[in-house]
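S.K.: One structure is given below, represented as structure tokens, and several questions about it will come after.
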Amino acid sequence: MARQSVAEQFVDILSRAGVKRIYGVVGDSLNPVTDAVRRSAEIEWVQVRHEETGAFAAGAEAQITGRLCACAGSCGPGHLHLINGLYDAHRSMAPVLALAAHIPSAEIGTSYFQETHPDRLFAECSHYSELISHPDQMPRILQTAIQHAIGRSGVAVVSMSGDVAGQDVPQPAAELALPTRRPVVRPGEAEIAALARMVDQADAITLFCGSGTAGAHDEVMAFAQRVKAPVGHALRGKEWIQYDNPFDVGMSGLLGYGAAYDAMHEAGLLILLGTDFPYTAFLPDDVRIVQVDIRPEHLGRRSKVDLALWGDVRETLLALTPQVREKTDRRFLDRMLAKHAEALEGVVAAYTRDVERHRPIHPEYVAAILDDEAADDAIFTVDTGMCTVWAARYLSPNGRRRLIGSFTHGSMANAMPQAIGAQLADRSRQVVSLSGDGGFSMLMGDLLTLIHYDLPVKIVLFDNSSLGMVDLEMLVGGFPPYGTSYPHTDYAAIARAAGAHSVRVEDPHDVRDAIRETLNHDGPALLDVVTDPNALAIPPRVTGRQLAGFATTTSKLVLTGGVGRMVQLARSNLRNIPRP
Ligand SMILES: Cc1ncc(C[n+]2csc(CCOP(=O)(O)OP(=O)(O)O)c2C)c(N)n1
Ligand SMILES: [Mg+2]
């Protein structure tokens with residue numbers, strides 16, 4: 001049998017684990033690996049302009065496909081550039097394998113040119129970070145890394161010097177047992193029975209859902225129906241829960257809306273389903289709380305819990321629902337649905353006034369039309385900043401659309417890089433990046449990657465010449481805005497010069513046509529919408545201190561956000577309340 005190099009075996013094992021592409025920038029220390037990729041029929045090298053983009057793209061591809069995805073950086077600065085995107089992937093629980101190439105192995109520890117210690121560097125943003133310093137370590141280290149990334153849903157990093165990658169493996173890899181399917185994890189019978197007792201005893205139950213409810217829409221609805229519970233969600237639960245939901249009371253948190261906060265605080269029993277929602281200020285401390293999570297380390301770390309269940313949400317509800325008595329009293333549910341509809345009606349009225357004539361263009365108007373015009377199975381990637389607010393409030397999930405952002409790590413510049421990974425996973429699907437001008441310009445070089453690979457990503461750029469979210473935070477905190485504004489930039493001209501289709505709009509009357517033209521274009525396209533930097537949204541719960549901040553700066557800048565099509569769901573849920 002022909003001899004195989006460590007690099008060839010590396011690529012071979014990745015492809016057997018389902019990896020389709022490696023995002024990266026080449027470099028001397030990576031050469032044996034990139035050469036093995038060049039000769040591989042299964043794995044493609046995606047040549048990004050900045051390694052951070054590659055890590056974000058791999059993380060997004062993993063979130064869309066559920067498969068292991070990969071990125072690579074050359075020694076020192078090359079892999080250092082991966083780090084922010086890897087933090088995001090890890091905290092989004094995306095299975096990503098990163099290769100951090102290392103300086104020549106004989107030089108490690110001598111402060112050699114470009115020296116870093118990648119196995120230490122990536123320890124915090126991974127489940128596993130190890131150095132392959134001898135060919136004999138292959139294939140076990142790589143297999144272990146893959147098992148960590150898939151099995152524990154997050155990042156694993158393998159560091160390896162180019163000289164090690166270029167050596168022959170002592171023996172061919174045996175068939176490896178690679179875990180590719182998730183197991184069923186259900187709490188024990190005693191725990192399910194204890195929860196069933198608590199549910200039977202409780203009068204007013206609220207469910208609060210996070211990303212752990214992925215794939216459990218029907219089970220959550222069936223349980224809510226049985227116990228007449230309002231259902232709220234965190235941002236990462238939105239795409240899984242906020243559609244076909246007769247129990248919807250909206251979203252809690254800094255960007256929240258509707259009655260989720262009240263439903264959680266006025267309940268007798270609050271059940272947290274697959275959520276690691278970080279803002280303890282929004283969680284009640286005088287309500288009985290049950291938490292269900294697949295990750296035991298998440299249990300009880302945000303609020304006190306009266307009962308903790310270690311298990312998958314869907315499996316837990318499948319076991320629990322038949323064990324609880326059906327409740328007939330809908331009073332709490334109906335009161336919360338009414339409160340929710342009322343809260344949404346209020347903001348709709350505030351937002352819809354004059355918005356078609358408002359100049360500069362109101363960003364909420366853009367988001368509302370985008371929601372209307374985008375495909376039913378679109379993938380939206382959303383920049384951190386005000387775009388997150390508009391996406392949370394205006395994009396309507398339906399069980400087929402996807403919504404990806406940097407919702408836990410909170411990094412800027414995520415959306416366009418994530419769109420690259422989402423689009424490469426499926427070229428035929430509509431992928432729309434909601435980008436802020438600050439975020440877009442941060443990794444703007446990778447607009448060239450879209451063009452290079454002719455990826456039909458649609459970038460909708462909310463161009464407010466400002467770091468708008470921080471402007472708002474300064475205002476809320478009582479600081480005068482500083483360091484937040486940018487000179488006006490014609491991003492459409494930049495995109496056109498780079499080879500993308502582009503449109504710039506400044507008149508609200510042109511927004512719908514421009515969005516249609518952009519979405520219908522058969523190739524990469526950028527829509528530069530000049531938006532109002534002062535279209536601010538305030539969180540529904542602001543503390544006294546924060547309010548003092550508002551009072552000391554100017555309050556007339558403040559506009560509460562609208563809520564788009566959600567109001568229709570709230571209205572129809574109200575209509576569906578059975579009349580006695
Ligand atoms: C990498 C990074 N740097 C800084 C921040 C702090 N930050 C959060 S949102 C934001 C402003 C984003 O501006 P832009 O992309 O233009 O969006 P806008 O809020 O204006 O819509 C900043 C600076 C961050 N989250 N991530
Ligand atoms: Mg901006």
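Chains: A, B, ... in order of the structure tokens. Residues: from 1 per chain. Ligands: from 1, in order shown.
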Write out as a list in words each polymer residue whose atoms come within 10 Å of Leu178 (chain A), counting only C-alpha atoms; drop sequence neighbours fewer than 2 positions from it.

M.R.: Ile13, Arg16, Ala17, Gly18, Gln143, Thr144, Ile146, Gln147, Ile150, Gly151, Glu175, Leu176, Thr180 and Arg181 of chain A

S.K.: Produce a file of the selected residues containing N, CA, C and O atoms, as a CSV table (one decimal), in the first residue's frame.

M.R.:
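In the end it all went to result.csv:
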chain,number,residue,atom,x,y,z
A,13,ILE,N,-9.4,11.5,7.3
A,13,ILE,CA,-10.3,11.2,8.5
A,13,ILE,C,-11.4,12.3,8.6
A,13,ILE,O,-12.5,12.0,8.9
A,16,ARG,N,-14.1,11.4,6.3
A,16,ARG,CA,-14.9,10.3,6.8
A,16,ARG,C,-15.8,10.8,7.9
A,16,ARG,O,-16.9,10.2,8.2
A,17,ALA,N,-15.5,11.9,8.5
A,17,ALA,CA,-16.3,12.5,9.6
A,17,ALA,C,-17.4,13.4,9.0
A,17,ALA,O,-18.1,14.1,9.8
A,18,GLY,N,-17.4,13.5,7.7
A,18,GLY,CA,-18.5,14.3,7.1
A,18,GLY,C,-18.1,15.7,6.7
A,18,GLY,O,-18.9,16.5,6.2
A,143,GLN,N,-9.1,11.8,16.0
A,143,GLN,CA,-10.4,11.2,16.3
A,143,GLN,C,-11.0,11.7,17.6
A,143,GLN,O,-12.2,12.0,17.7
A,144,THR,N,-10.1,11.8,18.6
A,144,THR,CA,-10.6,12.4,19.9
A,144,THR,C,-11.1,13.8,19.8
A,144,THR,O,-12.2,14.2,20.4
A,146,ILE,N,-12.4,15.1,17.1
A,146,ILE,CA,-13.7,15.0,16.4
A,146,ILE,C,-14.8,14.6,17.3
A,146,ILE,O,-15.9,15.1,17.3
A,147,GLN,N,-14.5,13.6,18.2
A,147,GLN,CA,-15.5,13.2,19.1
A,147,GLN,C,-15.9,14.3,20.1
A,147,GLN,O,-17.1,14.4,20.5
A,150,ILE,N,-18.2,16.9,18.0
A,150,ILE,CA,-19.5,16.4,17.7
A,150,ILE,C,-20.3,16.0,19.0
A,150,ILE,O,-21.4,16.4,19.2
A,151,GLY,N,-19.6,15.2,19.8
A,151,GLY,CA,-20.3,14.7,21.0
A,151,GLY,C,-20.6,15.8,22.0
A,151,GLY,O,-21.7,15.7,22.6
A,175,GLU,N,-10.3,1.5,10.8
A,175,GLU,CA,-11.7,2.1,10.7
A,175,GLU,C,-12.0,2.7,12.0
A,175,GLU,O,-11.9,2.1,13.1
A,176,LEU,N,-12.3,4.0,12.0
A,176,LEU,CA,-12.5,4.7,13.2
A,176,LEU,C,-14.0,4.7,13.6
A,176,LEU,O,-14.9,4.9,12.7
A,180,THR,N,-21.6,10.1,15.0
A,180,THR,CA,-22.3,11.1,14.1
A,180,THR,C,-23.7,11.3,14.5
A,180,THR,O,-24.4,12.2,14.0
A,181,ARG,N,-24.3,10.5,15.3
A,181,ARG,CA,-25.7,10.7,15.7
A,181,ARG,C,-25.8,11.0,17.1
A,181,ARG,O,-25.1,10.4,17.9

S.K.: Please report, as a PyMOL selection string, each residue of region 110-177 of chain A to which DSSP assigns strand (DSSP E or B) when run on this structure's backbone.

M.R.: chain A and resi 128-132+155-161+168

S.K.: Any idea what's packed within 9 Å of Ile361 (chain A), counting only C-alpha atoms, ignoring anything in its chain fewer than 6 positions away? Could you give it as a list in words?

M.R.: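 Here the qualifying residues turn out to be Val355, Val505, Glu506, Asp507, Pro508, Val511, Val529, Val530, Thr531 and Asp532 of chain A.
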
S.K.: When you look at Gly232 (chain A) with a cut-off of 6 Å (counting only C-alpha atoms), what residues show up, excluding the ones that are within fewer than 2 positions of it in the same chain? I need them as a ChimeraX atom specification.

M.R.: /A:208,249-251,260

S.K.: Determine, counting only C-alpha atoms, which protein, DNA and RNA residues have an atom within 10 Å of an atom of region 481-488 of chain A; residues of the same chain fewer than 3 positions away are not included. Present the result as number ranges by chain.

M.R.: A: 437-438, 463-475, 478, 491, 530, 533, 553

S.K.: Could you please take those selected residues and save N, CA, C and O atoms as a PDB file, in the first residue's frame?

M.R.:
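Ended up saving to part_28.pdb:
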ATOM      1  N   ASP A 437     -23.257  48.661   9.260  1.00  0.00           N
ATOM      2  CA  ASP A 437     -22.123  49.232   8.517  1.00  0.00           C
ATOM      3  C   ASP A 437     -20.823  49.038   9.303  1.00  0.00           C
ATOM      4  O   ASP A 437     -19.760  48.795   8.714  1.00  0.00           O
ATOM      5  N   GLY A 438     -20.915  49.093  10.637  1.00  0.00           N
ATOM      6  CA  GLY A 438     -19.718  48.851  11.447  1.00  0.00           C
ATOM      7  C   GLY A 438     -19.251  47.411  11.295  1.00  0.00           C
ATOM      8  O   GLY A 438     -18.077  47.139  11.054  1.00  0.00           O
ATOM      9  N   ASP A 463     -27.115  50.931   6.819  1.00  0.00           N
ATOM     10  CA  ASP A 463     -26.002  51.878   6.755  1.00  0.00           C
ATOM     11  C   ASP A 463     -26.371  53.180   7.470  1.00  0.00           C
ATOM     12  O   ASP A 463     -26.842  54.140   6.862  1.00  0.00           O
ATOM     13  N   ASN A 464     -26.147  53.188   8.778  1.00  0.00           N
ATOM     14  CA  ASN A 464     -26.510  54.378   9.566  1.00  0.00           C
ATOM     15  C   ASN A 464     -25.291  55.222   9.923  1.00  0.00           C
ATOM     16  O   ASN A 464     -25.362  56.104  10.774  1.00  0.00           O
ATOM     17  N   SER A 465     -24.159  54.961   9.273  1.00  0.00           N
ATOM     18  CA  SER A 465     -22.910  55.694   9.534  1.00  0.00           C
ATOM     19  C   SER A 465     -22.626  55.794  11.026  1.00  0.00           C
ATOM     20  O   SER A 465     -22.147  56.816  11.524  1.00  0.00           O
ATOM     21  N   SER A 466     -22.929  54.719  11.719  1.00  0.00           N
ATOM     22  CA  SER A 466     -22.770  54.787  13.163  1.00  0.00           C
ATOM     23  C   SER A 466     -22.672  53.398  13.786  1.00  0.00           C
ATOM     24  O   SER A 466     -23.159  52.412  13.228  1.00  0.00           O
ATOM     25  N   LEU A 467     -22.017  53.350  14.923  1.00  0.00           N
ATOM     26  CA  LEU A 467     -22.041  52.149  15.759  1.00  0.00           C
ATOM     27  C   LEU A 467     -23.276  52.311  16.638  1.00  0.00           C
ATOM     28  O   LEU A 467     -23.199  52.660  17.817  1.00  0.00           O
ATOM     29  N   GLY A 468     -24.414  52.104  15.999  1.00  0.00           N
ATOM     30  CA  GLY A 468     -25.690  52.528  16.567  1.00  0.00           C
ATOM     31  C   GLY A 468     -26.010  51.909  17.909  1.00  0.00           C
ATOM     32  O   GLY A 468     -26.497  52.584  18.818  1.00  0.00           O
ATOM     33  N   MET A 469     -25.730  50.626  18.053  1.00  0.00           N
ATOM     34  CA  MET A 469     -26.057  49.958  19.310  1.00  0.00           C
ATOM     35  C   MET A 469     -25.305  50.587  20.481  1.00  0.00           C
ATOM     36  O   MET A 469     -25.849  50.774  21.562  1.00  0.00           O
ATOM     37  N   VAL A 470     -24.060  50.947  20.246  1.00  0.00           N
ATOM     38  CA  VAL A 470     -23.260  51.519  21.334  1.00  0.00           C
ATOM     39  C   VAL A 470     -23.710  52.958  21.615  1.00  0.00           C
ATOM     40  O   VAL A 470     -23.720  53.407  22.764  1.00  0.00           O
ATOM     41  N   ASP A 471     -24.118  53.639  20.553  1.00  0.00           N
ATOM     42  CA  ASP A 471     -24.727  54.954  20.720  1.00  0.00           C
ATOM     43  C   ASP A 471     -25.879  54.866  21.718  1.00  0.00           C
ATOM     44  O   ASP A 471     -25.996  55.674  22.644  1.00  0.00           O
ATOM     45  N   LEU A 472     -26.707  53.842  21.513  1.00  0.00           N
ATOM     46  CA  LEU A 472     -27.866  53.636  22.387  1.00  0.00           C
ATOM     47  C   LEU A 472     -27.414  53.312  23.807  1.00  0.00           C
ATOM     48  O   LEU A 472     -27.936  53.850  24.784  1.00  0.00           O
ATOM     49  N   GLU A 473     -26.391  52.444  23.897  1.00  0.00           N
ATOM     50  CA  GLU A 473     -25.914  52.066  25.229  1.00  0.00           C
ATOM     51  C   GLU A 473     -25.343  53.269  25.971  1.00  0.00           C
ATOM     52  O   GLU A 473     -25.520  53.413  27.173  1.00  0.00           O
ATOM     53  N   MET A 474     -24.662  54.145  25.228  1.00  0.00           N
ATOM     54  CA  MET A 474     -24.119  55.344  25.876  1.00  0.00           C
ATOM     55  C   MET A 474     -25.252  56.217  26.388  1.00  0.00           C
ATOM     56  O   MET A 474     -25.204  56.752  27.501  1.00  0.00           O
ATOM     57  N   LEU A 475     -26.263  56.330  25.547  1.00  0.00           N
ATOM     58  CA  LEU A 475     -27.415  57.139  25.916  1.00  0.00           C
ATOM     59  C   LEU A 475     -28.091  56.577  27.165  1.00  0.00           C
ATOM     60  O   LEU A 475     -28.376  57.301  28.123  1.00  0.00           O
ATOM     61  N   GLY A 478     -26.146  57.180  30.271  1.00  0.00           N
ATOM     62  CA  GLY A 478     -25.935  58.573  30.658  1.00  0.00           C
ATOM     63  C   GLY A 478     -24.634  59.166  30.134  1.00  0.00           C
ATOM     64  O   GLY A 478     -24.197  60.215  30.587  1.00  0.00           O
ATOM     65  N   TYR A 491     -21.220  52.215   0.249  1.00  0.00           N
ATOM     66  CA  TYR A 491     -20.848  50.800   0.185  1.00  0.00           C
ATOM     67  C   TYR A 491     -21.310  50.150  -1.117  1.00  0.00           C
ATOM     68  O   TYR A 491     -20.724  49.168  -1.566  1.00  0.00           O
ATOM     69  N   VAL A 530     -29.490  53.519   3.319  1.00  0.00           N
ATOM     70  CA  VAL A 530     -29.066  54.596   4.208  1.00  0.00           C
ATOM     71  C   VAL A 530     -30.155  54.774   5.265  1.00  0.00           C
ATOM     72  O   VAL A 530     -31.267  55.212   4.966  1.00  0.00           O
ATOM     73  N   PRO A 533     -29.759  56.832  11.982  1.00  0.00           N
ATOM     74  CA  PRO A 533     -28.973  56.392  13.141  1.00  0.00           C
ATOM     75  C   PRO A 533     -29.728  56.583  14.450  1.00  0.00           C
ATOM     76  O   PRO A 533     -29.363  56.011  15.469  1.00  0.00           O
ATOM     77  N   THR A 553     -29.806  62.546  29.276  1.00  0.00           N
ATOM     78  CA  THR A 553     -29.488  62.880  27.892  1.00  0.00           C
ATOM     79  C   THR A 553     -30.795  63.325  27.226  1.00  0.00           C
ATOM     80  O   THR A 553     -31.550  64.059  27.825  1.00  0.00           O
TER      81      THR A 553
END

S.K.: Name the closest residue to ligand 1 among the candidates A:Ala492, A:Leu434, A:Ala525, A:Val476; distances are taken between atoms, counting only C-alpha atoms and all ligand atoms.

M.R.: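 Among the listed residues, A:Leu434 lies closest to ligand 1.
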
S.K.: Out of A:Ala391, A:Ala101, A:Val366, A:Val313, which residue has the shortest atom-to-atom distance to His509 (chain A) when counting only C-alpha atoms?

M.R.: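 The closest residue to His509 (chain A) is A:Val366.
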
S.K.: Give me, as a list in words, all polymer residues having an atom no more than 6 Å from region 274-286 of chain A, counting only C-alpha atoms and skipping those fewer than 6 positions away in the same chain.

M.R.: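 Using only C-alpha atoms, the neighbours found are Cys209, Gly210, Gly212, Thr213, His265, Val292, Asp293 and Arg302 of chain A.
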
S.K.: Go ahead and save the residues from that selection, with N, CA and C atoms, as a tab-separated table (two decimals), in the first residue's frame.

M.R.:
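And here's out_27.tsv as it stands now:
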chain	number	residue	atom	x	y	z
A	209	CYS	N	-38.45	29.13	26.58
A	209	CYS	CA	-37.74	28.22	25.67
A	209	CYS	C	-36.48	28.82	25.07
A	210	GLY	N	-35.43	28.03	25.01
A	210	GLY	CA	-34.19	28.45	24.37
A	210	GLY	C	-33.84	27.55	23.20
A	212	GLY	N	-32.37	24.88	23.02
A	212	GLY	CA	-32.54	23.45	23.29
A	212	GLY	C	-33.90	22.93	22.90
A	213	THR	N	-34.80	23.83	22.48
A	213	THR	CA	-36.11	23.37	21.99
A	213	THR	C	-36.08	23.11	20.48
A	265	HIS	N	-42.97	36.13	35.54
A	265	HIS	CA	-42.98	36.63	36.91
A	265	HIS	C	-44.30	36.38	37.63
A	292	VAL	N	-34.89	22.23	32.48
A	292	VAL	CA	-34.57	21.01	31.73
A	292	VAL	C	-33.47	21.37	30.75
A	293	ASP	N	-32.36	20.66	30.79
A	293	ASP	CA	-31.27	20.97	29.86
A	293	ASP	C	-30.43	19.72	29.59
A	302	ARG	N	-28.19	30.19	36.38
A	302	ARG	CA	-28.74	31.53	36.18
A	302	ARG	C	-29.76	31.92	37.24

S.K.: Which residues are close to Cys387 (chain A), i.e. within 9 Å by only C-alpha atoms, leaving aside same-chain residues fewer than 5 positions away? Reply as a PyMOL selection string.

M.R.: chain A and resi 363+367+382+392+434-436+462+469

S.K.: Could those selected residues go to a file with N, CA, C and O atoms, as a short mmCIF file (atom, residue, chain, number, x, y, z; two decimals), in the first residue's frame?

M.R.:
data_model
loop_
_atom_site.label_atom_id
_atom_site.label_comp_id
_atom_site.auth_asym_id
_atom_site.auth_seq_id
_atom_site.Cartn_x
_atom_site.Cartn_y
_atom_site.Cartn_z
N PRO A 363 -34.92 51.95 9.84
CA PRO A 363 -34.43 50.56 9.68
C PRO A 363 -35.52 49.52 9.92
O PRO A 363 -35.51 48.44 9.33
N ALA A 367 -36.58 46.23 7.71
CA ALA A 367 -36.67 44.86 8.25
C ALA A 367 -38.05 44.27 7.99
O ALA A 367 -38.18 43.09 7.65
N VAL A 382 -27.33 37.50 11.06
CA VAL A 382 -27.64 38.80 11.64
C VAL A 382 -26.45 39.34 12.41
O VAL A 382 -25.94 38.68 13.32
N ALA A 392 -34.87 40.26 15.72
CA ALA A 392 -35.67 39.68 16.80
C ALA A 392 -37.12 40.12 16.67
O ALA A 392 -38.04 39.37 16.96
N LEU A 434 -28.08 40.31 7.30
CA LEU A 434 -28.47 41.63 7.80
C LEU A 434 -27.22 42.21 8.46
O LEU A 434 -26.85 41.80 9.57
N SER A 435 -26.57 43.13 7.76
CA SER A 435 -25.28 43.62 8.23
C SER A 435 -25.39 45.06 8.72
O SER A 435 -26.10 45.88 8.13
N GLY A 436 -24.65 45.38 9.78
CA GLY A 436 -24.49 46.77 10.19
C GLY A 436 -23.31 47.35 9.42
O GLY A 436 -22.43 46.61 8.97
N PHE A 462 -27.54 47.84 6.75
CA PHE A 462 -28.21 48.91 7.50
C PHE A 462 -27.16 49.99 7.76
O PHE A 462 -26.44 49.95 8.74
N MET A 469 -25.73 50.63 18.05
CA MET A 469 -26.06 49.96 19.31
C MET A 469 -25.30 50.59 20.48
O MET A 469 -25.85 50.77 21.56
#

S.K.: For Ala378 (chain A), which of A:Leu519, A:Leu309, A:Leu337, A:Val48 is the closest residue, counting only C-alpha atoms?

M.R.: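 Of A:Leu519, A:Leu309, A:Leu337, A:Val48, the one nearest Ala378 (chain A) is A:Leu519, counting only C-alpha atoms.
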
S.K.: Which of these, A:Ala36, A:Ala106, A:Leu447, A:Val290, has the shortest distance to Ala497 (chain A) once you count only C-alpha atoms?

M.R.: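 For Ala497 (chain A), the nearest of the candidates is A:Leu447.
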
S.K.: DSSP says helix (DSSP H, G or I) for which residues of region 240-374 of chain A? Put them as a PyMOL selection string?

M.R.: chain A and resi 240-241+260-265+280-282+296-298+313-323+331-352+363-373

S.K.: Please determine, counting only C-alpha atoms and all ligand atoms, which residue among A:Ile83, A:Val157, A:Leu574, A:Leu450 has the shortest atom-to-atom distance to ligand 1.

M.R.: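 The closest residue to ligand 1 is A:Ile83.
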